[in-house]
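Worksheet: the structure to be examined is printed underneath.
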Amino acid sequence: MNSTKSVYLRSVLAAGASAMAMSIATPAFAQDSGAEEESGNRTIVVTAQFREQKLQDTPLSITAVDSALLEARNQDDLEAIAKQAPNVTLNSMGGAYGASLGASIRGIGQFDFNPAYEPGVGLYIDDVYYPTLTGANFDLLDLDRVEILRGPQGTLTGRNSIGGAIKMFSRKPDGTSEGFVHAGYGSRDFMELRGGFNVPLTDSLFLRVSAVHKEQDGYVDQIDYGCANPGNADGILPQSGAQDCVVDDLGNVNYSGVRAALRLDTGGPVELMVIADYMNEKRNSAAEVVTLTGTGTGGVNTAPYACGPFCTYASWALPAGGQTGAWSPGNDMKFTGWGLSGHVDIELSDSLQLQSITAYRSYRNTWGTDDDFGPNPANGAQGLNDLDFWFVSQELRLNGQIGDLIDFTIGGFYSDQKSTYYTRQDIRYIAPGLNFQFDGNDPINADSIAAFGTVIVRPTDALTVTGGIRYTDEHKDYTFVRKNYDGTTSTFLGALDGLTATYDGNRWDWRVSADYRFSPAVLAYATVGTGFKGGGVTARPFDAAQALNGSFGPETVTAYEGGLKTDLFDNTIRLNIAGFINKYKDIQLPLISCASLGSNAPCGARQNAGDGTIKGFEVELMAEPTEGLMIDGALSYITGKFTRIDAAVGNAILASDPLTTPNWKWSFGIQYKADLGDAGSITPRFDVAYTGKTSAGRIAAGLPIEYFDSYTLGNARLTWRNADEDLAVSVEVKNLFDEYYTPFRFASVYGFSGTAYSQVGRPREWALTVRKDF
């Protein structure tokens with residue numbers, strides 16, 4: 001047995017054996033699972049299997065973060081939660097990707113925003129599927145809980161949950177009259193205001209409204225190169241009269257959102273709820289700096305264009321050339337989105353419940369890019385992007401019970417969506433005097449229909465067996481529009497203009513699991529199931545053959561998992577452990593050669609060109625050993641290797657490359673609430689999260705893999721609450737150790753431009769917040 005397998009197996013077996021031993025040796029464990037409410041860890045109810053179940057009774061790997069923990073950590077977006085979740089990576093993407101979020105769970109996901117490609121992690125808001133990565137780093141406004149389901153959710157949530165699913169659940173309106181106001185101020189003029197209220201309009205009609213606005217200055221300076229370097233060798237002149245040569249700041253925050261829910265509950269068999277939300281974000285581009293320089297195909301030496309750790313010479317401007325006069329796409333990013341959903345729950349009988357979820361969502365995202373991220377127009381490239389999107393879905397679920405022995409769910413899902421992706425590209429780094437310029441305005445249609453069923457059988461009081469199946473049929477078509485700036489057919493890409501590429505596919509997924517409750521304190525489970533990420537078409541082809549022959553099928557996974565869920569020492573310690581092996585097939589990879597597609601042009605295609613195996617384990621801890629003290633932690637390890645790579649991938653990806661990184665992640669949090677009597681209470685809290693080194697890919701085919709350094713982020717928070725616990729004042733410091741880290745980079749055009757640039761994590765910052773409940 002090799003050393004990696006040995007470490008993996010020893011870790012899982014040792015953790016499992018320890019948990020079992022503690023459960024046997026603990027004389028005071030609860031006598032029924034409902035006793036969780038009486039002492040120790042609070043009960044968390046999840047709906048991962050379409051019905052309310054306690055977290056510890058659900059045979060799935062779930063990180064569940066309730067509103068109390070969200071408030072204690074002051075986590076206000078999905079990315080913050082992911083830093084403390086095992087084997088989960090969420091990252092707001094760089095400026096080239098607009099308002100998109102890269103997402104991966106257990107090494108499987110997607111980081112390209114283009115609507116031709118499907119996400120590998122399913123995102124849900126109040127059980128409504130959010131189908132794209134764009135606009136997905138949601139503010140956690142007035143949430144009841146977040147559930148992160150690790151491993152493929154093929155039968156439960158369907159396509160594009162091959163890595164897992166993230167489900168957010170808002171607080172429902174009810175019959176109480178309450179509200180809150182939260183205000184904060186901090187580093188770089190950070191300002192935040194959020195609030196909400198719940199009010200009964202009648203005895204059966206309830207309204208809940210919440211809103212947020214937050215803003216903050218950026219932390220990377222955009223510097224005018226000609227101003228900062230007078231008399232430079234490239235002859236670049238000042239482009240602005242900015243004081244101290246600082247043109248703008250990058251990485252700033254300017255976000256607003258509002259949500260409203262109206263719920264009708266007469267106490268009868270029918271319950272109705274309508275939810276509407278709106279979000280608006282207008283900010284500058286992401287905080288990025290040049291981290292690699294060289295000489296590209298245009299012959300420009302870019303070494304002078306590395307400004308420093310918190311500054312950039314990116315200009316977002318090009319002089320007149322080719323088809324255009326001097327122009328700038330701007331360094332700003334704008335996103336506006338809204339959604340509406342209707343939820344109907346009907347109690348058909350004591351043993352049958354019907355649920356309908358109807359939803360519509362729309363957004364528009366515009367942003368400018370500076371692809372070389374430097375100041376020299378001879379080496380320049382920039383783009384203007386405008387992505388318009390709408391989505392409609394309908395889901396029906398029938399939940400039923402047959403005595404105490406069987407629960408079942410059958411249902412259907414339908415969705416239809418359309419994206420229109422406009423882009424103006426101006427690329428001048430390929431060769432001296434060559435202006436590669438075109439407009440694209442591509443409509444992309446996609447629809448999906450699915451039927452699913454799940455059966456939960458309890459042959460004994462301790463044993464539960466679950467089986468599920470789902471059928472999905474999907475279609476996608478992508479029409480390429482390639483024009484010159486004057487509307488005539490593109491000089492360079494005219495062969496693509498008007499072509500439509502299509503993909504049609506269908507897929508069966510299944511899952512079988514068994515769980516056994518050895519005692520009220522210990523549940524063991526084993527499960528095997530499948531999932532897939534939808535197929536599609538090549539989004540960035542260079543000729544007609546790549547467009548028409550470049551469709552690809554779904555990538556799939558068969559996942560094997562075993563785990564323990566334990567509540568120990570009178571429910572004061574909750575320890576959950578899972579180990580998994582994923583057989584990953586038909587991985588969608590970019591090609592270097594498109595000869596197999598009938599193309600000799602530079603290759604921009606993606607195909608099902610690899611297989612691999614991923615394995616790892618996860619441990620999660622929640623402890624309340626004494627009154628007022630709360631400890632939470634997580635540890636995860638993952639490794640993966642390719643078992644097949646198609647020759648057309650070339651030496652851009654090798655069989656020896658890691659299939660997934662980082663290998664290790666861990667987090668730890670601790671807080672203690674000290675009672676001050678009539679003076680209220682004071683609660684210090686400390687959180688720390690570690691992310692191991694992560695692959696940055698290779699800068700060019702044939703070169704060694706490069707890695708982002710590992711990093712450790714610490715946050716500290718001190719909260720005072722009054723005796724009535726309706727007023728709280730907090731002071732906090734994020735990135736306490738002032739760690740400098742770069743989680744992502746854009747290096748796709750390094751061979752042409754001679755530059756690669758990286759995102760920079762937020763430096764140390766402080767904030768003072770006040771919350772009043774009423």
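Labeling convention for the structure tokens: chains A, B, ... as they appear, residues from 1 per chain, ligands from 1 in order of appearance.
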Name all residues at most 6 Å from region 510-523 of chain A (count only C-alpha atoms; drop same-chain ones fewer than 6 positions away) and give them as a compact mmCIF listing (two decimals) with N, CA, C and O atoms, in the first residue's frame.
```txt
# COMPACT_ATOMS: atom_id res chain seq x y z
N ASP A 32 -32.92 9.66 23.30
CA ASP A 32 -33.56 9.70 21.99
C ASP A 32 -33.02 10.91 21.26
O ASP A 32 -32.51 11.84 21.85
N SER A 33 -33.13 10.84 19.93
CA SER A 33 -32.52 11.89 19.14
C SER A 33 -33.14 13.25 19.40
O SER A 33 -32.50 14.28 19.26
N THR A 155 -29.50 12.42 -7.73
CA THR A 155 -30.92 12.06 -7.66
C THR A 155 -31.73 13.10 -6.92
O THR A 155 -32.95 13.18 -7.10
N ALA A 462 -33.52 0.64 13.87
CA ALA A 462 -32.16 1.17 13.77
C ALA A 462 -31.68 1.31 12.34
O ALA A 462 -30.79 2.12 12.06
N LEU A 463 -32.23 0.55 11.40
CA LEU A 463 -31.73 0.50 10.03
C LEU A 463 -32.63 1.27 9.08
O LEU A 463 -33.85 1.10 9.10
N THR A 464 -32.02 2.11 8.24
CA THR A 464 -32.75 2.83 7.20
C THR A 464 -32.03 2.62 5.88
O THR A 464 -30.81 2.75 5.80
N VAL A 465 -32.80 2.30 4.85
CA VAL A 465 -32.26 2.11 3.51
C VAL A 465 -32.92 3.13 2.58
O VAL A 465 -34.14 3.30 2.60
N THR A 466 -32.09 3.82 1.79
CA THR A 466 -32.59 4.86 0.88
C THR A 466 -32.17 4.55 -0.54
O THR A 466 -31.01 4.18 -0.79
N GLY A 467 -33.09 4.68 -1.46
CA GLY A 467 -32.80 4.51 -2.88
C GLY A 467 -33.38 5.65 -3.68
O GLY A 467 -34.47 6.15 -3.36
N GLY A 468 -32.67 6.07 -4.70
CA GLY A 468 -33.17 7.17 -5.52
C GLY A 468 -32.76 7.01 -6.97
O GLY A 468 -31.75 6.36 -7.28
N ILE A 469 -33.54 7.61 -7.86
CA ILE A 469 -33.25 7.55 -9.29
C ILE A 469 -33.73 8.85 -9.92
O ILE A 469 -34.70 9.47 -9.46
N GLY A 529 -23.49 6.55 -5.20
CA GLY A 529 -24.40 7.27 -6.08
C GLY A 529 -23.65 7.93 -7.23
O GLY A 529 -22.41 7.95 -7.27
N THR A 530 -24.40 8.48 -8.15
CA THR A 530 -23.82 9.09 -9.33
C THR A 530 -24.29 10.53 -9.48
O THR A 530 -25.26 10.96 -8.86
N LEU A 564 -19.64 8.52 9.82
CA LEU A 564 -20.21 8.44 11.17
C LEU A 564 -20.72 9.80 11.57
O LEU A 564 -20.06 10.82 11.30
N LYS A 565 -21.88 9.82 12.22
CA LYS A 565 -22.40 11.04 12.82
C LYS A 565 -22.63 10.74 14.31
O LYS A 565 -23.37 9.82 14.65
N THR A 566 -21.98 11.53 15.15
CA THR A 566 -22.01 11.22 16.58
C THR A 566 -22.32 12.46 17.40
O THR A 566 -21.92 13.58 17.06
N ASP A 567 -23.05 12.23 18.49
CA ASP A 567 -23.28 13.23 19.52
C ASP A 567 -22.84 12.60 20.84
O ASP A 567 -23.49 11.67 21.33
```
If you count only C-alpha atoms, which residues fall within 8 Å of Leu140 (chain A), apart from same-chain ones fewer than 4 positions away, as a list in words? Gln75, Asp76, Asp77 and Leu78 of chain A
Please produce a file of the residues just selected, as a short mmCIF file (atom, residue, chain, number, x, y, z; two decimals), in the first residue's frame, where the atoms kept are N, CA and C atoms.
```cif
data_model
loop_
_atom_site.label_atom_id
_atom_site.label_comp_id
_atom_site.auth_asym_id
_atom_site.auth_seq_id
_atom_site.Cartn_x
_atom_site.Cartn_y
_atom_site.Cartn_z
N GLN A 75 -20.32 36.25 9.12
CA GLN A 75 -20.17 35.85 7.72
C GLN A 75 -21.35 36.38 6.93
N ASP A 76 -21.04 37.14 5.87
CA ASP A 76 -22.12 37.77 5.13
C ASP A 76 -22.13 37.42 3.64
N ASP A 77 -21.26 36.46 3.20
CA ASP A 77 -21.37 35.99 1.83
C ASP A 77 -20.91 34.53 1.77
N LEU A 78 -21.23 33.87 0.66
CA LEU A 78 -20.94 32.44 0.53
C LEU A 78 -19.45 32.14 0.60
#
```
Any idea what's packed within 10 Å of Leu676 (chain A), counting only C-alpha atoms, ignoring anything in its chain fewer than 6 positions away? Could you give it as a VMD selection string? chain A and resid 682 720 to 723
Ala211 (chain A) surroundings by only C-alpha atoms, 6 Å radius, close-in-sequence under 6 positions cut, as a ChimeraX atom specification: /A:194-195,257-258
Compile the contact shell of Gly251 (chain A) as a CSV table (one decimal) with N, CA, C and O atoms, in the first residue's frame: residues with an atom at most 10 Å away, counting only C-alpha atoms, same-chain residues fewer than 3 positions apart removed.
```
chain,number,residue,atom,x,y,z
A,94,GLY,N,-11.7,36.7,-11.0
A,94,GLY,CA,-11.0,38.0,-11.3
A,94,GLY,C,-11.8,38.9,-12.3
A,94,GLY,O,-12.9,38.5,-12.7
A,95,GLY,N,-11.2,40.0,-12.6
A,95,GLY,CA,-11.9,41.0,-13.4
A,95,GLY,C,-12.2,40.5,-14.8
A,95,GLY,O,-13.2,41.0,-15.4
A,216,GLN,N,-17.1,50.0,0.4
A,216,GLN,CA,-15.8,50.1,0.9
A,216,GLN,C,-14.8,50.4,-0.2
A,216,GLN,O,-14.9,49.9,-1.3
A,217,ASP,N,-13.8,51.2,0.2
A,217,ASP,CA,-12.8,51.6,-0.8
A,217,ASP,C,-11.9,50.3,-1.1
A,217,ASP,O,-11.8,49.4,-0.3
A,218,GLY,N,-11.3,50.4,-2.3
A,218,GLY,CA,-10.4,49.2,-2.7
A,218,GLY,C,-9.1,49.3,-2.1
A,218,GLY,O,-8.7,50.2,-1.3
A,219,TYR,N,-8.3,48.3,-2.4
A,219,TYR,CA,-7.0,48.1,-1.7
A,219,TYR,C,-5.8,47.9,-2.7
A,219,TYR,O,-4.7,47.6,-2.3
A,220,VAL,N,-6.1,47.9,-4.0
A,220,VAL,CA,-5.1,47.9,-5.0
A,220,VAL,C,-5.2,49.2,-5.8
A,220,VAL,O,-6.2,49.5,-6.4
A,221,ASP,N,-4.1,50.0,-5.9
A,221,ASP,CA,-4.1,51.2,-6.6
A,221,ASP,C,-3.8,51.0,-8.1
A,221,ASP,O,-2.9,50.3,-8.5
A,254,ASN,N,-19.4,47.9,-3.5
A,254,ASN,CA,-20.6,48.8,-3.6
A,254,ASN,C,-21.8,47.9,-4.0
A,254,ASN,O,-22.0,47.6,-5.2
A,283,ARG,N,-19.1,48.4,-9.0
A,283,ARG,CA,-17.8,48.6,-8.4
A,283,ARG,C,-16.7,48.5,-9.5
A,283,ARG,O,-17.0,48.3,-10.7
A,284,ASN,N,-15.5,48.8,-9.1
A,284,ASN,CA,-14.4,48.7,-10.0
A,284,ASN,C,-14.0,47.2,-10.2
A,284,ASN,O,-14.5,46.3,-9.5
A,285,SER,N,-13.1,47.0,-11.0
A,285,SER,CA,-12.6,45.6,-11.3
A,285,SER,C,-12.0,45.0,-10.0
A,285,SER,O,-11.7,45.7,-9.0
A,286,ALA,N,-11.8,43.7,-10.1
A,286,ALA,CA,-11.2,43.0,-8.9
A,286,ALA,C,-9.8,43.4,-8.6
A,286,ALA,O,-9.1,44.0,-9.4
A,287,ALA,N,-9.4,43.2,-7.4
A,287,ALA,CA,-8.1,43.6,-6.9
A,287,ALA,C,-7.0,42.6,-7.4
A,287,ALA,O,-6.9,41.5,-6.9
A,288,GLU,N,-6.3,43.0,-8.5
A,288,GLU,CA,-5.4,42.1,-9.1
A,288,GLU,C,-4.1,42.9,-9.4
A,288,GLU,O,-4.1,44.1,-9.7
A,759,GLN,N,-5.2,37.7,-8.5
A,759,GLN,CA,-6.0,38.3,-7.4
A,759,GLN,C,-5.2,38.4,-6.1
A,759,GLN,O,-4.4,37.5,-5.8
A,760,VAL,N,-5.5,39.4,-5.4
A,760,VAL,CA,-4.9,39.6,-4.1
A,760,VAL,C,-5.9,39.6,-3.0
A,760,VAL,O,-7.0,40.3,-3.1
A,761,GLY,N,-5.7,38.7,-2.0
A,761,GLY,CA,-6.7,38.7,-0.9
A,761,GLY,C,-6.8,40.0,-0.1
A,761,GLY,O,-5.8,40.8,-0.1
A,762,ARG,N,-7.8,40.1,0.6
A,762,ARG,CA,-8.1,41.4,1.3
A,762,ARG,C,-7.1,41.4,2.5
A,762,ARG,O,-6.9,40.5,3.2
```
Could you write out, as a ChimeraX atom specification, all the residues of region 557-770 of chain A that DSSP marks as alpha helix (DSSP H)? /A:750-753
Applying 6 Å and only C-alpha atoms, which residues near Ala634 (chain A) remain after dropping the ones on its own chain fewer than 2 positions away? List them as a ChimeraX atom specification. /A:619-620,666-667
Using only C-alpha atoms: which of A:Val128, A:Ala228, A:Val481, A:Leu387 has the shortest distance to Ser356 (chain A): A:Val128
With only C-alpha atoms as the basis for distance, which of A:Lys54, A:Lys214, A:Lys673, A:Lys533 is at the shortest distance from Gly628 (chain A)?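 Using only C-alpha atoms, Gly628 (chain A) sits closest to A:Lys673.
Closest approach to Ser415 (chain A) from the set A:Arg159, A:Lys583, A:Lys641, A:Arg51 is made by A:Arg159, with distances taken over only C-alpha atoms.
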Give me the residues near region 358-361 of chain A as a PyMOL selection string, where near means some atom within 9 Å (using only C-alpha atoms) and where sequence neighbours in that chain fewer than 5 positions away do not count. chain A and resi 128-130+337-344+389-396
Select, from A:Gln437, A:Asn160, A:Thr134, A:Thr202, the residue with the minimum atom-to-atom distance to Tyr363 (chain A), counting only C-alpha atoms.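 Comparing A:Gln437, A:Asn160, A:Thr134, A:Thr202 against Tyr363 (chain A), the winner is A:Thr134.
Compared by their closest atoms to Asp332 (chain A), and using only C-alpha atoms, the residues A:Gly267, A:Gly612, A:Gly368, A:Pro658 rank with A:Gly368 nearest.
Of the residues listed (A:Ser656, A:Asn445, A:Arg397, A:Asp675), A:Asp675 shows the shortest atom-to-atom separation from Glu627 (chain A); distances use only C-alpha atoms.
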DSSP says strand (DSSP E or B) for which residues of region 461-532 of chain A? Put them as an MDAnalysis selection string? chainID A and resid 463:479 482:483 489 500:519 522:532
With N, CA and C atoms retained, write the just-selected residues as a short mmCIF file (atom, residue, chain, number, x, y, z; two decimals), in the first residue's frame.
```
data_model
loop_
_atom_site.label_atom_id
_atom_site.label_comp_id
_atom_site.auth_asym_id
_atom_site.auth_seq_id
_atom_site.Cartn_x
_atom_site.Cartn_y
_atom_site.Cartn_z
N LEU A 463 -32.23 0.55 11.40
CA LEU A 463 -31.73 0.50 10.03
C LEU A 463 -32.63 1.27 9.08
N THR A 464 -32.02 2.11 8.24
CA THR A 464 -32.75 2.83 7.20
C THR A 464 -32.03 2.62 5.88
N VAL A 465 -32.80 2.30 4.85
CA VAL A 465 -32.26 2.11 3.51
C VAL A 465 -32.92 3.13 2.58
N THR A 466 -32.09 3.82 1.79
CA THR A 466 -32.59 4.86 0.88
C THR A 466 -32.17 4.55 -0.54
N GLY A 467 -33.09 4.68 -1.46
CA GLY A 467 -32.80 4.51 -2.88
C GLY A 467 -33.38 5.65 -3.68
N GLY A 468 -32.67 6.07 -4.70
CA GLY A 468 -33.17 7.17 -5.52
C GLY A 468 -32.76 7.01 -6.97
N ILE A 469 -33.54 7.61 -7.86
CA ILE A 469 -33.25 7.55 -9.29
C ILE A 469 -33.73 8.85 -9.92
N ARG A 470 -33.05 9.28 -10.97
CA ARG A 470 -33.43 10.51 -11.65
C ARG A 470 -33.06 10.41 -13.13
N TYR A 471 -33.97 10.85 -13.98
CA TYR A 471 -33.73 10.90 -15.42
C TYR A 471 -33.73 12.37 -15.84
N THR A 472 -32.73 12.75 -16.63
CA THR A 472 -32.60 14.13 -17.09
C THR A 472 -32.40 14.14 -18.60
N ASP A 473 -33.13 15.01 -19.28
CA ASP A 473 -32.96 15.24 -20.71
C ASP A 473 -32.66 16.73 -20.89
N GLU A 474 -31.59 17.05 -21.63
CA GLU A 474 -31.18 18.45 -21.75
C GLU A 474 -30.81 18.80 -23.18
N HIS A 475 -30.96 20.08 -23.49
CA HIS A 475 -30.64 20.61 -24.82
C HIS A 475 -29.94 21.96 -24.65
N LYS A 476 -29.00 22.22 -25.56
CA LYS A 476 -28.33 23.52 -25.59
C LYS A 476 -27.99 23.85 -27.03
N ASP A 477 -28.21 25.11 -27.41
CA ASP A 477 -27.75 25.58 -28.72
C ASP A 477 -27.09 26.94 -28.56
N TYR A 478 -26.02 27.12 -29.31
CA TYR A 478 -25.17 28.31 -29.22
C TYR A 478 -24.97 28.84 -30.63
N THR A 479 -25.44 30.06 -30.88
CA THR A 479 -25.28 30.69 -32.19
C THR A 479 -24.18 31.74 -32.12
N ARG A 482 -20.11 36.86 -35.29
CA ARG A 482 -18.77 37.44 -35.35
C ARG A 482 -18.76 38.52 -36.43
N LYS A 483 -18.66 39.77 -35.97
CA LYS A 483 -18.73 40.92 -36.86
C LYS A 483 -17.52 41.83 -36.68
N THR A 489 -19.26 41.23 -41.79
CA THR A 489 -18.76 39.93 -41.32
C THR A 489 -17.29 40.06 -40.91
N THR A 500 -24.65 27.72 -35.80
CA THR A 500 -25.27 27.28 -34.56
C THR A 500 -24.75 25.90 -34.20
N ALA A 501 -24.17 25.79 -33.02
CA ALA A 501 -23.72 24.50 -32.49
C ALA A 501 -24.75 24.01 -31.48
N THR A 502 -24.99 22.71 -31.46
CA THR A 502 -26.02 22.17 -30.56
C THR A 502 -25.47 20.99 -29.76
N TYR A 503 -26.11 20.80 -28.62
CA TYR A 503 -25.85 19.62 -27.80
C TYR A 503 -27.19 19.10 -27.30
N ASP A 504 -27.39 17.79 -27.40
CA ASP A 504 -28.56 17.13 -26.83
C ASP A 504 -28.08 15.88 -26.11
N GLY A 505 -28.60 15.67 -24.92
CA GLY A 505 -28.18 14.50 -24.16
C GLY A 505 -29.19 14.13 -23.10
N ASN A 506 -29.08 12.91 -22.61
CA ASN A 506 -29.91 12.47 -21.50
C ASN A 506 -29.08 11.59 -20.59
N ARG A 507 -29.57 11.41 -19.37
CA ARG A 507 -28.75 10.75 -18.36
C ARG A 507 -29.64 10.18 -17.25
N TRP A 508 -29.31 8.95 -16.83
CA TRP A 508 -29.89 8.35 -15.63
C TRP A 508 -28.89 8.46 -14.48
N ASP A 509 -29.36 8.90 -13.31
CA ASP A 509 -28.54 8.89 -12.09
C ASP A 509 -29.25 8.08 -11.02
N TRP A 510 -28.47 7.52 -10.11
CA TRP A 510 -29.03 6.69 -9.06
C TRP A 510 -28.22 6.83 -7.77
N ARG A 511 -28.84 6.44 -6.69
CA ARG A 511 -28.18 6.47 -5.38
C ARG A 511 -28.79 5.41 -4.49
N VAL A 512 -27.94 4.70 -3.75
CA VAL A 512 -28.37 3.73 -2.74
C VAL A 512 -27.57 4.01 -1.47
N SER A 513 -28.24 4.06 -0.34
CA SER A 513 -27.53 4.26 0.92
C SER A 513 -28.21 3.46 2.02
N ALA A 514 -27.42 3.15 3.03
CA ALA A 514 -27.94 2.49 4.23
C ALA A 514 -27.32 3.16 5.43
N ASP A 515 -28.13 3.42 6.44
CA ASP A 515 -27.59 3.96 7.68
C ASP A 515 -28.12 3.15 8.86
N TYR A 516 -27.30 3.04 9.87
CA TYR A 516 -27.65 2.23 11.04
C TYR A 516 -27.33 3.03 12.30
N ARG A 517 -28.33 3.15 13.17
CA ARG A 517 -28.14 3.87 14.42
C ARG A 517 -27.75 2.87 15.50
N PHE A 518 -26.45 2.84 15.84
CA PHE A 518 -25.95 1.93 16.87
C PHE A 518 -26.45 2.31 18.25
N SER A 519 -26.67 3.58 18.46
CA SER A 519 -27.19 4.09 19.72
C SER A 519 -27.75 5.47 19.44
N VAL A 522 -24.85 7.54 18.01
CA VAL A 522 -24.00 7.19 16.88
C VAL A 522 -24.85 6.69 15.71
N LEU A 523 -24.65 7.33 14.55
CA LEU A 523 -25.24 6.88 13.29
C LEU A 523 -24.10 6.60 12.32
N ALA A 524 -24.09 5.43 11.71
CA ALA A 524 -23.13 5.09 10.66
C ALA A 524 -23.88 4.95 9.34
N TYR A 525 -23.24 5.37 8.26
CA TYR A 525 -23.90 5.25 6.96
C TYR A 525 -22.90 4.91 5.88
N ALA A 526 -23.41 4.31 4.82
CA ALA A 526 -22.63 4.04 3.61
C ALA A 526 -23.52 4.34 2.42
N THR A 527 -22.93 4.93 1.38
CA THR A 527 -23.74 5.32 0.23
C THR A 527 -22.91 5.22 -1.04
N VAL A 528 -23.58 4.92 -2.13
CA VAL A 528 -22.97 4.97 -3.45
C VAL A 528 -23.98 5.63 -4.39
N GLY A 529 -23.49 6.55 -5.20
CA GLY A 529 -24.40 7.27 -6.08
C GLY A 529 -23.65 7.93 -7.23
N THR A 530 -24.40 8.48 -8.15
CA THR A 530 -23.82 9.09 -9.33
C THR A 530 -24.29 10.53 -9.48
N GLY A 531 -23.58 11.26 -10.33
CA GLY A 531 -23.97 12.62 -10.67
C GLY A 531 -23.29 13.02 -11.97
N PHE A 532 -23.71 14.15 -12.52
CA PHE A 532 -23.09 14.59 -13.77
C PHE A 532 -23.13 16.10 -13.91
#
```
